[in-house]
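Encoded as structure tokens, the structure appears first; notes follow it.
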Amino acid sequence: MEKYYFTSEAVTEGHPDKICDLISDAILDAALKEDEKSKMAVEVTIKDDLVLIYGEAKTTAKIDYESIAKKVIRKIGYDEKFNVITKISEQSKEISDAVEKDITCAGDQGIMFGYACDETKELMPTAIVFANKLAKRLADVRKCDVNTPLKPDGKTQVTIEYVDGNVNRVDTIIISSQHKKGVSIEELRGYIIKNVINEVIPKNLIDNATKILINTSGSFVVGGPFGDSGTTGRKIICDTYGGYSRIGGGCLSSKDPSKVDRSAAYMLRHIAKNVVANGLTRKCEIQLSYAIGVREPISIYINCFNTNRVPEWLIIKLIKSKFDLTPQGIIEYLKLREPIFSKTTNYGHF
């Protein structure tokens, strides 16, 4: 019997990095709503009451960057006043000319990965599914319960015990949540176990040996950008597979669909999910690579970790025959010109 443990973490939308991700994606959606051909790579940094918005944009949309940022922050749950500074320049003409030829080409070189497995109904690794669901539940409870002790910032972490490659039990659950002043750790622990953990983790996966750790650092009253700084794109492990699968070289949030860091990562997840759902394999990891200004992928690679029921070369052949993997083909297939990206920002893009 082979036994091993794997851990993934997630964060709430009130984490400073995720505040920045959401502002970036809200700006992207605002641009796409007015101009579907917008080219956006606008990022955000936040510390205390200062928000810095910077990057490149090529769009006909009229964007009120300051208003978008403040609206996002208020919606997350922060009531403090924030000062917003913007530094936006137009996308380089050299990059623009390389991408927009007679047909959309890759907006940059790079590698992207997609992954799926049959552990969960979401066809995702168990640890990251539970970590993201716990993080989302923290936010949902905070927003719905008028007497909640919770505040917006928080992190979750789940360790899964595997036996012979299969999920056996939840070994450890860690939750750190910002909370209101005057709330004891004992009160917080009881509230989170009852309203968050018990509502997310299946009872058959928890036993007497499962460790539940709540706010192990003690009091967590000062949080969000007032307790830490944040920047767009620093949570790509949380955004993807929780470390269970490899990921590409770039982040997802803030990038318009011509950036294959984002669009190809979405497409590869879609393909890997279909490969597993159709019973060709129990696990599937796919890699593509691109070059800036080049239409077709440079390479495609697949690894089924010896769980495949048909040869990997045949799966690659099927993928090539059924999916257009050019940037324009991906954009059209997944309808990525629409302002949908704020929906993907939190609790896992996949």
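Going through the structure tokens in order, the chains are called A, B, and so on, while each chain numbers its residues from 1 and the ligands are numbered from 1 in the order shown.
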Which range 110-219 of chain A residues have any atom within 8 Å of an atom of range 246-257 of chain A, and for each, what is the nearest pair of atoms with distance in Å to one decimal, counting only C-alpha atoms, rows sorted by chain and number, as JSON lines?
{"residue": "A:Gly110", "atom": "CA", "partner": "A:Gly249", "partner_atom": "CA", "distance": 6.5}
{"residue": "A:Ile111", "atom": "CA", "partner": "A:Gly248", "partner_atom": "CA", "distance": 5.1}
{"residue": "A:Met112", "atom": "CA", "partner": "A:Gly248", "partner_atom": "CA", "distance": 4.2}
{"residue": "A:Phe113", "atom": "CA", "partner": "A:Ile247", "partner_atom": "CA", "distance": 5.3}
{"residue": "A:Gly114", "atom": "CA", "partner": "A:Ile247", "partner_atom": "CA", "distance": 7.6}
Please list as a ChimeraX atom specification every residue within 8 Å of Thr232 in chain A, counting only C-alpha atoms and excluding residues in the same chain fewer than 5 positions away. /A:17-18,20-21,24,43-45,253-254
Where in range 187-307 of chain A does DSSP assign strand (DSSP E or B), given as a ChimeraX atom specification? /A:211-214,230-231,255,281,283-290,299-303
Would you compute the distance between CA of Val221 in chain A and CA of Ser176 in chain A? Give it in Å to one decimal.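 It comes out at 11.0 Å.
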Within 10 Å of Asn204 in chain A, counting only C-alpha atoms, which residues show up once you throw out same-chain ones fewer than 3 positions away? Write them as a VMD selection string, please. chain A and resid 168 to 170 201 207
The selected residues should be written to file as a PDB file, in the first residue's frame (atoms: all heavy atoms).
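Wrote it out as out-v9.pdb, contents follow:
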ATOM      1  N   ASN A 168      -8.072   9.133  -0.065  1.00  0.00           N
ATOM      2  CA  ASN A 168      -8.492   8.314   1.069  1.00  0.00           C
ATOM      3  C   ASN A 168      -9.212   9.139   2.135  1.00  0.00           C
ATOM      4  O   ASN A 168     -10.266   8.734   2.631  1.00  0.00           O
ATOM      5  CB  ASN A 168      -7.280   7.613   1.690  1.00  0.00           C
ATOM      6  CG  ASN A 168      -7.674   6.618   2.762  1.00  0.00           C
ATOM      7  OD1 ASN A 168      -8.600   5.829   2.566  1.00  0.00           O
ATOM      8  ND2 ASN A 168      -6.985   6.649   3.894  1.00  0.00           N
ATOM      9  N   ARG A 169      -8.647  10.301   2.464  1.00  0.00           N
ATOM     10  CA  ARG A 169      -9.228  11.129   3.523  1.00  0.00           C
ATOM     11  C   ARG A 169      -8.607  12.520   3.471  1.00  0.00           C
ATOM     12  O   ARG A 169      -7.602  12.750   2.800  1.00  0.00           O
ATOM     13  CB  ARG A 169      -8.977  10.511   4.911  1.00  0.00           C
ATOM     14  CG  ARG A 169      -7.512  10.208   5.181  1.00  0.00           C
ATOM     15  CD  ARG A 169      -7.295   9.515   6.503  1.00  0.00           C
ATOM     16  NE  ARG A 169      -7.473  10.412   7.617  1.00  0.00           N
ATOM     17  CZ  ARG A 169      -6.508  11.199   8.102  1.00  0.00           C
ATOM     18  NH1 ARG A 169      -5.290  11.217   7.547  1.00  0.00           N
ATOM     19  NH2 ARG A 169      -6.742  11.979   9.115  1.00  0.00           N
ATOM     20  N   VAL A 170      -9.232  13.449   4.195  1.00  0.00           N
ATOM     21  CA  VAL A 170      -8.647  14.778   4.399  1.00  0.00           C
ATOM     22  C   VAL A 170      -7.788  14.714   5.651  1.00  0.00           C
ATOM     23  O   VAL A 170      -8.278  14.396   6.737  1.00  0.00           O
ATOM     24  CB  VAL A 170      -9.744  15.853   4.551  1.00  0.00           C
ATOM     25  CG1 VAL A 170      -9.121  17.193   4.927  1.00  0.00           C
ATOM     26  CG2 VAL A 170     -10.538  15.984   3.263  1.00  0.00           C
ATOM     27  N   ILE A 201     -16.638  20.270   3.312  1.00  0.00           N
ATOM     28  CA  ILE A 201     -15.902  19.002   3.275  1.00  0.00           C
ATOM     29  C   ILE A 201     -16.847  17.832   3.549  1.00  0.00           C
ATOM     30  O   ILE A 201     -17.530  17.814   4.582  1.00  0.00           O
ATOM     31  CB  ILE A 201     -14.753  18.996   4.309  1.00  0.00           C
ATOM     32  CG1 ILE A 201     -13.859  20.239   4.130  1.00  0.00           C
ATOM     33  CG2 ILE A 201     -13.935  17.721   4.168  1.00  0.00           C
ATOM     34  CD1 ILE A 201     -13.174  20.319   2.784  1.00  0.00           C
ATOM     35  N   ASP A 207     -12.064  12.325   9.662  1.00  0.00           N
ATOM     36  CA  ASP A 207     -12.111  11.360  10.763  1.00  0.00           C
ATOM     37  C   ASP A 207     -11.489  11.989  12.008  1.00  0.00           C
ATOM     38  O   ASP A 207     -11.138  13.181  12.016  1.00  0.00           O
ATOM     39  CB  ASP A 207     -11.414  10.050  10.377  1.00  0.00           C
ATOM     40  CG  ASP A 207      -9.965  10.250   9.941  1.00  0.00           C
ATOM     41  OD1 ASP A 207      -9.328  11.241  10.398  1.00  0.00           O
ATOM     42  OD2 ASP A 207      -9.466   9.441   9.149  1.00  0.00           O
TER      43      ASP A 207
END
Please report, as JSON lines, each residue of range 150-243 of chain A lying at most 7 Å from range 1-16 of chain A, together with the nearest pair of atoms and the separation in Å rounded to one decimal; use only C-alpha atoms, and order rows by chain and ascending residue number.
{"residue": "A:Pro152", "atom": "CA", "partner": "A:Gly14", "partner_atom": "CA", "distance": 4.5}
{"residue": "A:Asp153", "atom": "CA", "partner": "A:Gly14", "partner_atom": "CA", "distance": 4.3}
{"residue": "A:Gly154", "atom": "CA", "partner": "A:Thr12", "partner_atom": "CA", "distance": 5.3}
{"residue": "A:Lys155", "atom": "CA", "partner": "A:Val11", "partner_atom": "CA", "distance": 4.3}
{"residue": "A:Thr156", "atom": "CA", "partner": "A:Ala10", "partner_atom": "CA", "distance": 5.2}
{"residue": "A:Gln157", "atom": "CA", "partner": "A:Glu9", "partner_atom": "CA", "distance": 4.1}
{"residue": "A:Val158", "atom": "CA", "partner": "A:Thr7", "partner_atom": "CA", "distance": 5.5}
{"residue": "A:Thr159", "atom": "CA", "partner": "A:Thr7", "partner_atom": "CA", "distance": 4.2}
{"residue": "A:Ile160", "atom": "CA", "partner": "A:Phe6", "partner_atom": "CA", "distance": 5.4}
{"residue": "A:Glu161", "atom": "CA", "partner": "A:Tyr5", "partner_atom": "CA", "distance": 4.6}
{"residue": "A:Tyr162", "atom": "CA", "partner": "A:Tyr4", "partner_atom": "CA", "distance": 5.3}
{"residue": "A:Val163", "atom": "CA", "partner": "A:Lys3", "partner_atom": "CA", "distance": 4.5}
{"residue": "A:Asp164", "atom": "CA", "partner": "A:Glu2", "partner_atom": "CA", "distance": 4.9}
{"residue": "A:Gly224", "atom": "CA", "partner": "A:Pro16", "partner_atom": "CA", "distance": 5.1}
{"residue": "A:Pro225", "atom": "CA", "partner": "A:Pro16", "partner_atom": "CA", "distance": 5.2}
{"residue": "A:Asp228", "atom": "CA", "partner": "A:Pro16", "partner_atom": "CA", "distance": 6.8}
{"residue": "A:Ser229", "atom": "CA", "partner": "A:Pro16", "partner_atom": "CA", "distance": 6.0}
{"residue": "A:Gly230", "atom": "CA", "partner": "A:Pro16", "partner_atom": "CA", "distance": 4.3}
{"residue": "A:Cys238", "atom": "CA", "partner": "A:Ala10", "partner_atom": "CA", "distance": 5.1}
{"residue": "A:Gly242", "atom": "CA", "partner": "A:Ser8", "partner_atom": "CA", "distance": 4.8}
{"residue": "A:Gly243", "atom": "CA", "partner": "A:Ser8", "partner_atom": "CA", "distance": 6.7}
Restrict the selected residues to all heavy atoms and save them as a compact mmCIF listing (two decimals), in the first residue's frame.
# COMPACT_ATOMS: atom_id res chain seq x y z
N PRO A 152 -12.79 40.54 5.12
CA PRO A 152 -12.56 40.04 3.75
C PRO A 152 -11.32 39.20 3.51
O PRO A 152 -11.35 38.32 2.64
CB PRO A 152 -12.48 41.34 2.93
CG PRO A 152 -13.26 42.34 3.70
CD PRO A 152 -13.00 42.01 5.13
N ASP A 153 -10.22 39.42 4.18
CA ASP A 153 -8.97 38.73 3.85
C ASP A 153 -8.97 37.32 4.43
O ASP A 153 -9.45 37.10 5.56
CB ASP A 153 -7.78 39.52 4.39
CG ASP A 153 -6.46 39.11 3.78
OD1 ASP A 153 -6.44 38.19 2.94
OD2 ASP A 153 -5.42 39.71 4.14
N GLY A 154 -8.42 36.37 3.70
CA GLY A 154 -8.36 35.00 4.23
C GLY A 154 -7.61 34.05 3.32
O GLY A 154 -7.47 34.29 2.11
N LYS A 155 -7.13 32.96 3.91
CA LYS A 155 -6.44 31.91 3.17
C LYS A 155 -6.90 30.56 3.68
O LYS A 155 -7.26 30.41 4.85
CB LYS A 155 -4.91 32.02 3.34
CG LYS A 155 -4.32 33.32 2.87
CD LYS A 155 -2.80 33.37 3.07
CE LYS A 155 -2.08 32.55 2.01
NZ LYS A 155 -0.61 32.76 2.08
N THR A 156 -6.89 29.58 2.79
CA THR A 156 -7.24 28.21 3.16
C THR A 156 -6.17 27.27 2.66
O THR A 156 -5.43 27.58 1.71
CB THR A 156 -8.59 27.80 2.55
OG1 THR A 156 -8.47 27.77 1.13
CG2 THR A 156 -9.69 28.77 2.94
N GLN A 157 -6.09 26.10 3.26
CA GLN A 157 -5.13 25.08 2.83
C GLN A 157 -5.66 23.70 3.21
O GLN A 157 -6.16 23.51 4.32
CB GLN A 157 -3.77 25.33 3.49
CG GLN A 157 -2.65 24.43 3.00
CD GLN A 157 -1.30 24.90 3.51
OE1 GLN A 157 -0.82 25.96 3.13
NE2 GLN A 157 -0.68 24.11 4.37
N VAL A 158 -5.55 22.77 2.27
CA VAL A 158 -6.08 21.42 2.49
C VAL A 158 -5.02 20.40 2.10
O VAL A 158 -4.42 20.49 1.03
CB VAL A 158 -7.36 21.19 1.66
CG1 VAL A 158 -7.86 19.75 1.84
CG2 VAL A 158 -8.44 22.18 2.05
N THR A 159 -4.81 19.42 2.98
CA THR A 159 -3.91 18.30 2.72
C THR A 159 -4.73 17.03 2.55
O THR A 159 -5.52 16.67 3.42
CB THR A 159 -2.90 18.11 3.86
OG1 THR A 159 -2.13 19.32 4.01
CG2 THR A 159 -1.96 16.95 3.57
N ILE A 160 -4.54 16.36 1.42
CA ILE A 160 -5.27 15.13 1.10
C ILE A 160 -4.34 13.93 1.26
O ILE A 160 -3.19 13.95 0.81
CB ILE A 160 -5.81 15.17 -0.34
CG1 ILE A 160 -6.80 16.32 -0.51
CG2 ILE A 160 -6.46 13.84 -0.72
CD1 ILE A 160 -8.05 16.21 0.30
N GLU A 161 -4.84 12.89 1.91
CA GLU A 161 -4.11 11.63 2.01
C GLU A 161 -4.55 10.71 0.88
O GLU A 161 -5.74 10.48 0.69
CB GLU A 161 -4.37 10.95 3.35
CG GLU A 161 -3.67 9.61 3.51
CD GLU A 161 -4.06 8.90 4.80
OE1 GLU A 161 -3.45 9.22 5.84
OE2 GLU A 161 -4.98 8.06 4.75
N TYR A 162 -3.57 10.22 0.12
CA TYR A 162 -3.82 9.27 -0.97
C TYR A 162 -3.32 7.90 -0.56
O TYR A 162 -2.27 7.78 0.08
CB TYR A 162 -3.09 9.70 -2.24
CG TYR A 162 -3.65 10.92 -2.92
CD1 TYR A 162 -3.32 12.21 -2.49
CD2 TYR A 162 -4.50 10.80 -4.01
CE1 TYR A 162 -3.83 13.34 -3.12
CE2 TYR A 162 -5.02 11.92 -4.66
CZ TYR A 162 -4.67 13.18 -4.21
OH TYR A 162 -5.18 14.28 -4.84
N VAL A 163 -4.06 6.88 -0.95
CA VAL A 163 -3.63 5.50 -0.79
C VAL A 163 -3.72 4.82 -2.14
O VAL A 163 -4.79 4.80 -2.76
CB VAL A 163 -4.48 4.75 0.26
CG1 VAL A 163 -4.10 3.27 0.30
CG2 VAL A 163 -4.31 5.37 1.64
N ASP A 164 -2.60 4.31 -2.61
CA ASP A 164 -2.53 3.68 -3.93
C ASP A 164 -3.09 4.57 -5.03
O ASP A 164 -3.80 4.13 -5.94
CB ASP A 164 -3.27 2.33 -3.93
CG ASP A 164 -2.57 1.29 -3.06
OD1 ASP A 164 -1.33 1.44 -2.85
OD2 ASP A 164 -3.23 0.36 -2.58
N GLY A 224 -5.94 42.49 4.51
CA GLY A 224 -6.04 43.11 3.19
C GLY A 224 -4.81 43.93 2.88
O GLY A 224 -3.70 43.61 3.34
N PRO A 225 -4.94 45.03 2.16
CA PRO A 225 -3.78 45.83 1.79
C PRO A 225 -3.15 46.57 2.96
O PRO A 225 -2.03 47.07 2.84
CB PRO A 225 -4.35 46.83 0.76
CG PRO A 225 -5.80 46.93 1.11
CD PRO A 225 -6.20 45.57 1.58
N ASP A 228 -0.70 43.73 4.24
CA ASP A 228 0.23 43.18 3.26
C ASP A 228 0.04 43.95 1.96
O ASP A 228 -0.95 44.65 1.78
CB ASP A 228 -0.09 41.69 3.04
CG ASP A 228 1.02 40.93 2.32
OD1 ASP A 228 2.07 41.55 2.06
OD2 ASP A 228 0.83 39.75 2.03
N SER A 229 0.98 43.81 1.05
CA SER A 229 0.82 44.43 -0.26
C SER A 229 0.29 43.39 -1.24
O SER A 229 0.33 42.18 -0.98
CB SER A 229 2.17 44.96 -0.77
OG SER A 229 3.12 43.91 -0.86
N GLY A 230 -0.22 43.85 -2.38
CA GLY A 230 -0.74 42.94 -3.38
C GLY A 230 -0.38 43.39 -4.78
O GLY A 230 -0.19 44.58 -5.03
N CYS A 238 -2.87 29.10 -7.06
CA CYS A 238 -4.27 29.07 -6.62
C CYS A 238 -5.21 29.14 -7.81
O CYS A 238 -6.28 28.50 -7.81
CB CYS A 238 -4.56 30.24 -5.69
SG CYS A 238 -3.55 30.33 -4.21
N GLY A 242 -3.37 24.15 -8.07
CA GLY A 242 -2.90 23.99 -6.71
C GLY A 242 -1.54 23.33 -6.59
O GLY A 242 -1.21 22.77 -5.55
N GLY A 243 -0.75 23.40 -7.66
CA GLY A 243 0.57 22.79 -7.65
C GLY A 243 0.59 21.35 -8.09
O GLY A 243 1.65 20.74 -8.23
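Counting only C-alpha atoms and comparing A:Ile286, A:Val72, A:Val275, A:Val260, the residue that lies closest to Val51 in chain A is A:Val72.
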